[in-house]
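What follows is one structure encoded as structure tokens, with my remarks underneath.
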Amino acid sequence: MTPEQIESAIAGGMAQGVDELARLVSIPSIAFPGHPEEPVHAAAAYTEQLLRSAGLPHVQQIPVENSFPAVYGAAPAPPGAPTVLLYAHYDVQPPGDLAQWRTPPFEPVIQDGKMWGRGAADDKSGVIAHVMALRAFGGRFPVGVKVIVEGQEEYAGERLESFVEANPELMRCDAMVIADTGNARLGDPSLTTSLRGFAAFTVEVRTLREALHSGEFGGAAPDALAALMRVLVALHTEAGDVAVPGLPRGNWLAPGMSEEEFRQTAGVLDNVSLVGSGTLADRLWASYAITVTGLDVPSVSGAANAVQPVARARVTVRVPPAGDPKTTMDAVVEYMRQVAPWGVEVNVSDAVVGSGFLADKGGSARAALERAMARAYGRPAREIGSGGSIPLVATLTHLFPAAEIFLFGAEDKDAAIHAPNERVDLEELRMTALTEALFLQELAENMPS
């Protein structure tokens, strides 16, 4: 196909792609413990249907031990052509506080060229971008195609990775497209070349057999919530840098966004300062970061005058690409135990880890992608880092060191992924699908034999 034919096919498929994205977003596929499993399986079934509609001759759901199924599709390579692996995930983050959403998270709304809803960007836009790109070829793909769409990326850590390691031939390829990142800003083509790894765990502090009347016992009885708060506060310095020994700040050599741009994108209030030291790129892409993502304590509305016997928190640690997530988590937990007050025990459970990624400069496939991205966006691509984690990437890099791996997608920095009011810009979706389709054609025509 010519580039003009590909552009026409993508444009002609937009309405169908947007409708399919809306249907996928309407499925609350939250693969976290405590949430219904049926919607996750429903999203897997619909993803399977979408891949079949894209013209792939082989599509199936693959069971993943202790997780939800991955959806796999494949088409053989024409003689002499390379094979490309396409990745995305169909599960989503929980919506969080529903009161903060301007529209219901699983009732997608389209307004001003954007679709609002949980997962509209992360990462159901990636699923639809793959489908739209493949559909442009009408079932006659210029390269071999393999697609893997997993069902528990947001929570499970490295569960799919064990399956991939045991079945490498299913994933063997010459290049990979990971559609689970995005541009620094709308219309600014960006290739993500660095991912931080992560570790997440639940920490629990217990001090009493049961809650006690705060008037009768407060002042002497050890409060578990107060103990946990002291532990969590000790994780950072007054400036906001990580205080855990052995986790130094890193350095990112390329330019990042300005502080003004970051404040606007992040929605930082005017009278609130940013935290940490070093450049923004250092803090966001090359350094350790620790975030408390949840607390199990009595709510304000249900609070009683009682000293608390137990308190829990969910803690997430972001790890620079070269760091080891397991070693990092051990260091953080050991430090929490050292700073815990009053002799209380700090217990950890439900731990998951995921490795980071750092790309090399690439070869002919990288050149093909840069040409495709420049045509789709009308301007050259630039390199950026990401503080996020995609656990499968490190495994694929290890298994297939000769394959080039590329991270791009429709999740621009204003998309509010993992937050209330997530949205995807539909023009970004179109350009992502167009970039991918142009790349497949470019690769077929220019990959060395």
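Numbering starts fresh at 1 for the residues of each chain in the structure tokens, the chains themselves are lettered A, B, ... in the order given, and ligands are numbered from 1 as they appear.
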Could you pull out the helix (DSSP H, G or I) residues of segment 238-285 of chain A, going by DSSP on the backbone, and write them as number ranges by chain? A: 259-266, 280-285
List the neighbours of segment 129-137 of chain A out to 9 Å using only C-alpha atoms; skip same-chain residues closer than 4 positions along the sequence, and give me the result as a PyMOL selection string. chain A and resi 1+5-10+12-14+16-17+50-51+53-56+86-88+124-125+141-142+145+147+179+409-410+429-438+440
Would you mind writing down, as a list in words, each residue of segment 301-343 of chain A that DSSP on the backbone assigns to strand (DSSP E)?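 Selecting the strand (DSSP E) positions of segment 301-343 of chain A gives Ala306, Val307, Val310, Ala311, Arg312, Ala313, Arg314, Val315, Thr316, Val317, Arg318 and Val319 of chain A.
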Generate a file of the selected residues that holds N, CA and C atoms, formatted as a compact mmCIF listing (two decimals), in the first residue's frame.
```
# COMPACT_ATOMS: atom_id res chain seq x y z
N ALA A 306 -11.76 7.05 69.15
CA ALA A 306 -11.06 5.82 69.51
C ALA A 306 -9.61 5.88 69.08
N VAL A 307 -8.76 5.23 69.89
CA VAL A 307 -7.37 5.00 69.51
C VAL A 307 -7.35 3.77 68.62
N VAL A 310 -5.00 -0.78 64.43
CA VAL A 310 -4.33 -1.22 63.21
C VAL A 310 -4.51 -0.16 62.13
N ALA A 311 -3.50 0.01 61.31
CA ALA A 311 -3.57 0.91 60.16
C ALA A 311 -2.75 0.32 59.03
N ARG A 312 -3.23 0.50 57.81
CA ARG A 312 -2.56 -0.05 56.63
C ARG A 312 -2.40 1.03 55.57
N ALA A 313 -1.37 0.87 54.74
CA ALA A 313 -1.16 1.77 53.61
C ALA A 313 -0.64 0.97 52.42
N ARG A 314 -0.98 1.44 51.23
CA ARG A 314 -0.41 0.88 50.00
C ARG A 314 0.68 1.84 49.54
N VAL A 315 1.88 1.30 49.33
CA VAL A 315 3.04 2.11 48.98
C VAL A 315 3.58 1.66 47.63
N THR A 316 3.85 2.62 46.75
CA THR A 316 4.43 2.33 45.44
C THR A 316 5.78 3.03 45.33
N VAL A 317 6.77 2.29 44.86
CA VAL A 317 8.12 2.83 44.67
C VAL A 317 8.46 2.76 43.19
N ARG A 318 8.81 3.90 42.59
CA ARG A 318 9.28 3.93 41.22
C ARG A 318 10.81 3.86 41.22
N VAL A 319 11.35 3.02 40.32
CA VAL A 319 12.76 2.66 40.35
C VAL A 319 13.41 3.04 39.02
```
Calculated over only C-alpha atoms, which of the candidates A:Asp412, A:Glu150, A:Glu37, A:Glu442 has the smallest distance to Ala70 of chain A?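 Ranked by minimum distance to Ala70 of chain A, first place goes to A:Glu150.
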Please provide as a PyMOL selection string all residues within 10 Å of segment 360-364 of chain A, with the sequence filter that same-chain residues fewer than 3 positions apart are discarded (counting only C-alpha atoms). chain A and resi 193-194+357+367-370+402-406+442-443+446-448
Written file, previous selection with N, CA and C atoms, as a PDB file, in the first residue's frame:
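Result file follows (out_34.pdb):
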```
ATOM      1  N   THR A 193      11.841   6.267  25.472  1.00  0.00           N
ATOM      2  CA  THR A 193      13.025   5.412  25.447  1.00  0.00           C
ATOM      3  C   THR A 193      13.478   4.974  26.835  1.00  0.00           C
ATOM      4  N   SER A 194      12.733   5.357  27.872  1.00  0.00           N
ATOM      5  CA  SER A 194      13.105   4.984  29.236  1.00  0.00           C
ATOM      6  C   SER A 194      11.846   4.806  30.072  1.00  0.00           C
ATOM      7  N   PHE A 357      13.136  -0.094  31.893  1.00  0.00           N
ATOM      8  CA  PHE A 357      13.569  -0.299  30.505  1.00  0.00           C
ATOM      9  C   PHE A 357      14.345   0.928  30.053  1.00  0.00           C
ATOM     10  N   ALA A 367      14.700   3.691  12.273  1.00  0.00           N
ATOM     11  CA  ALA A 367      14.644   4.662  11.185  1.00  0.00           C
ATOM     12  C   ALA A 367      13.291   4.613  10.479  1.00  0.00           C
ATOM     13  N   ALA A 368      12.747   3.406  10.285  1.00  0.00           N
ATOM     14  CA  ALA A 368      11.436   3.271   9.645  1.00  0.00           C
ATOM     15  C   ALA A 368      10.352   3.915  10.503  1.00  0.00           C
ATOM     16  N   LEU A 369      10.426   3.722  11.808  1.00  0.00           N
ATOM     17  CA  LEU A 369       9.428   4.316  12.687  1.00  0.00           C
ATOM     18  C   LEU A 369       9.528   5.840  12.682  1.00  0.00           C
ATOM     19  N   GLU A 370      10.727   6.377  12.698  1.00  0.00           N
ATOM     20  CA  GLU A 370      10.875   7.825  12.699  1.00  0.00           C
ATOM     21  C   GLU A 370      10.327   8.435  11.413  1.00  0.00           C
ATOM     22  N   ALA A 402      17.926  -8.858  20.075  1.00  0.00           N
ATOM     23  CA  ALA A 402      18.149  -8.319  18.732  1.00  0.00           C
ATOM     24  C   ALA A 402      16.941  -7.558  18.208  1.00  0.00           C
ATOM     25  N   ALA A 403      15.794  -7.732  18.832  1.00  0.00           N
ATOM     26  CA  ALA A 403      14.582  -7.055  18.372  1.00  0.00           C
ATOM     27  C   ALA A 403      14.570  -5.611  18.868  1.00  0.00           C
ATOM     28  N   GLU A 404      14.153  -4.701  18.001  1.00  0.00           N
ATOM     29  CA  GLU A 404      14.020  -3.305  18.406  1.00  0.00           C
ATOM     30  C   GLU A 404      12.641  -3.096  19.029  1.00  0.00           C
ATOM     31  N   ILE A 405      12.606  -2.317  20.094  1.00  0.00           N
ATOM     32  CA  ILE A 405      11.369  -2.141  20.843  1.00  0.00           C
ATOM     33  C   ILE A 405      11.027  -0.651  20.921  1.00  0.00           C
ATOM     34  N   PHE A 406       9.756  -0.327  20.616  1.00  0.00           N
ATOM     35  CA  PHE A 406       9.333   1.067  20.517  1.00  0.00           C
ATOM     36  C   PHE A 406       8.097   1.302  21.373  1.00  0.00           C
ATOM     37  N   GLU A 442       6.581   0.727   6.028  1.00  0.00           N
ATOM     38  CA  GLU A 442       7.982   1.161   5.906  1.00  0.00           C
ATOM     39  C   GLU A 442       8.944   0.039   6.257  1.00  0.00           C
ATOM     40  N   LEU A 443       8.628  -0.683   7.315  1.00  0.00           N
ATOM     41  CA  LEU A 443       9.509  -1.765   7.768  1.00  0.00           C
ATOM     42  C   LEU A 443       9.601  -2.852   6.716  1.00  0.00           C
ATOM     43  N   ASN A 446      11.876  -1.643   3.859  1.00  0.00           N
ATOM     44  CA  ASN A 446      13.232  -1.173   4.122  1.00  0.00           C
ATOM     45  C   ASN A 446      14.019  -2.040   5.101  1.00  0.00           C
ATOM     46  N   MET A 447      13.443  -3.095   5.654  1.00  0.00           N
ATOM     47  CA  MET A 447      14.158  -3.958   6.595  1.00  0.00           C
ATOM     48  C   MET A 447      15.193  -4.787   5.833  1.00  0.00           C
ATOM     49  N   PRO A 448      16.459  -4.773   6.260  1.00  0.00           N
ATOM     50  CA  PRO A 448      17.472  -5.592   5.585  1.00  0.00           C
ATOM     51  C   PRO A 448      17.117  -7.067   5.658  1.00  0.00           C
TER      52      PRO A 448
END
```
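Across the model, the gap from atom CA of Ala121 of chain A to atom CA of Glu154 of chain A is 13.2 Å.
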Of the candidates A:Val109, A:Ala45, A:Ala77, A:Leu274, which shows the shortest atom-to-atom distance to Ser26 of chain A, using only C-alpha atoms? A:Val109
Skip Met257 of chain A itself and residues of its chain fewer than 2 positions away, then list as an mmCIF file with C-alpha atoms, in the first residue's frame all residues within 10 Å of it, counting only C-alpha atoms.
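As written to disk, part23.cif reads:
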```cif
data_model
loop_
_atom_site.group_PDB
_atom_site.id
_atom_site.type_symbol
_atom_site.label_atom_id
_atom_site.label_comp_id
_atom_site.auth_asym_id
_atom_site.auth_seq_id
_atom_site.Cartn_x
_atom_site.Cartn_y
_atom_site.Cartn_z
ATOM 1 C CA ALA A 184 4.678 14.934 25.889
ATOM 2 C CA ARG A 185 1.907 17.160 24.542
ATOM 3 C CA PRO A 255 15.900 18.248 28.208
ATOM 4 C CA GLU A 259 8.407 23.802 35.545
ATOM 5 C CA GLU A 260 5.607 26.050 34.280
ATOM 6 C CA GLU A 261 4.456 23.412 31.801
ATOM 7 C CA PHE A 262 4.638 20.697 34.440
ATOM 8 C CA ARG A 263 2.646 22.715 36.961
ATOM 9 C CA THR A 279 15.806 18.891 37.175
ATOM 10 C CA LEU A 280 12.250 17.820 36.486
ATOM 11 C CA ALA A 281 13.546 15.191 34.055
ATOM 12 C CA ILE A 384 11.249 11.305 26.200
#
```
Near Ala286 of chain A, within 12 Å and counting only C-alpha atoms, which residues show up once chain neighbours fewer than 3 positions away are dropped, as a ChimeraX atom specification? /A:193-197,247-254,256,278-283,289,318-323,356-358,384-388
Excluding Glu238 of chain A and residues on its chain fewer than 2 positions from it, collect all residues at most 9 Å away from it, counting only C-alpha atoms, and give them as a ChimeraX atom specification. /A:236,240-241,275-276
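Closest approach to Gly151 of chain A from the set A:Glu165, A:Glu107, A:Asp223, A:Glu65 is made by A:Glu65, with distances taken over only C-alpha atoms.
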Ranking A:Leu170, A:Leu186, A:Leu426, A:Leu228 by minimum distance to Asn347 of chain A and counting only C-alpha atoms, which one comes first?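 The shortest atom-to-atom distance to Asn347 of chain A comes from A:Leu228.
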Closest of A:Pro36, A:Pro391, A:Pro189, A:Gly182 to Phe408 of chain A - atom-to-atom distances counting only C-alpha atoms: A:Gly182
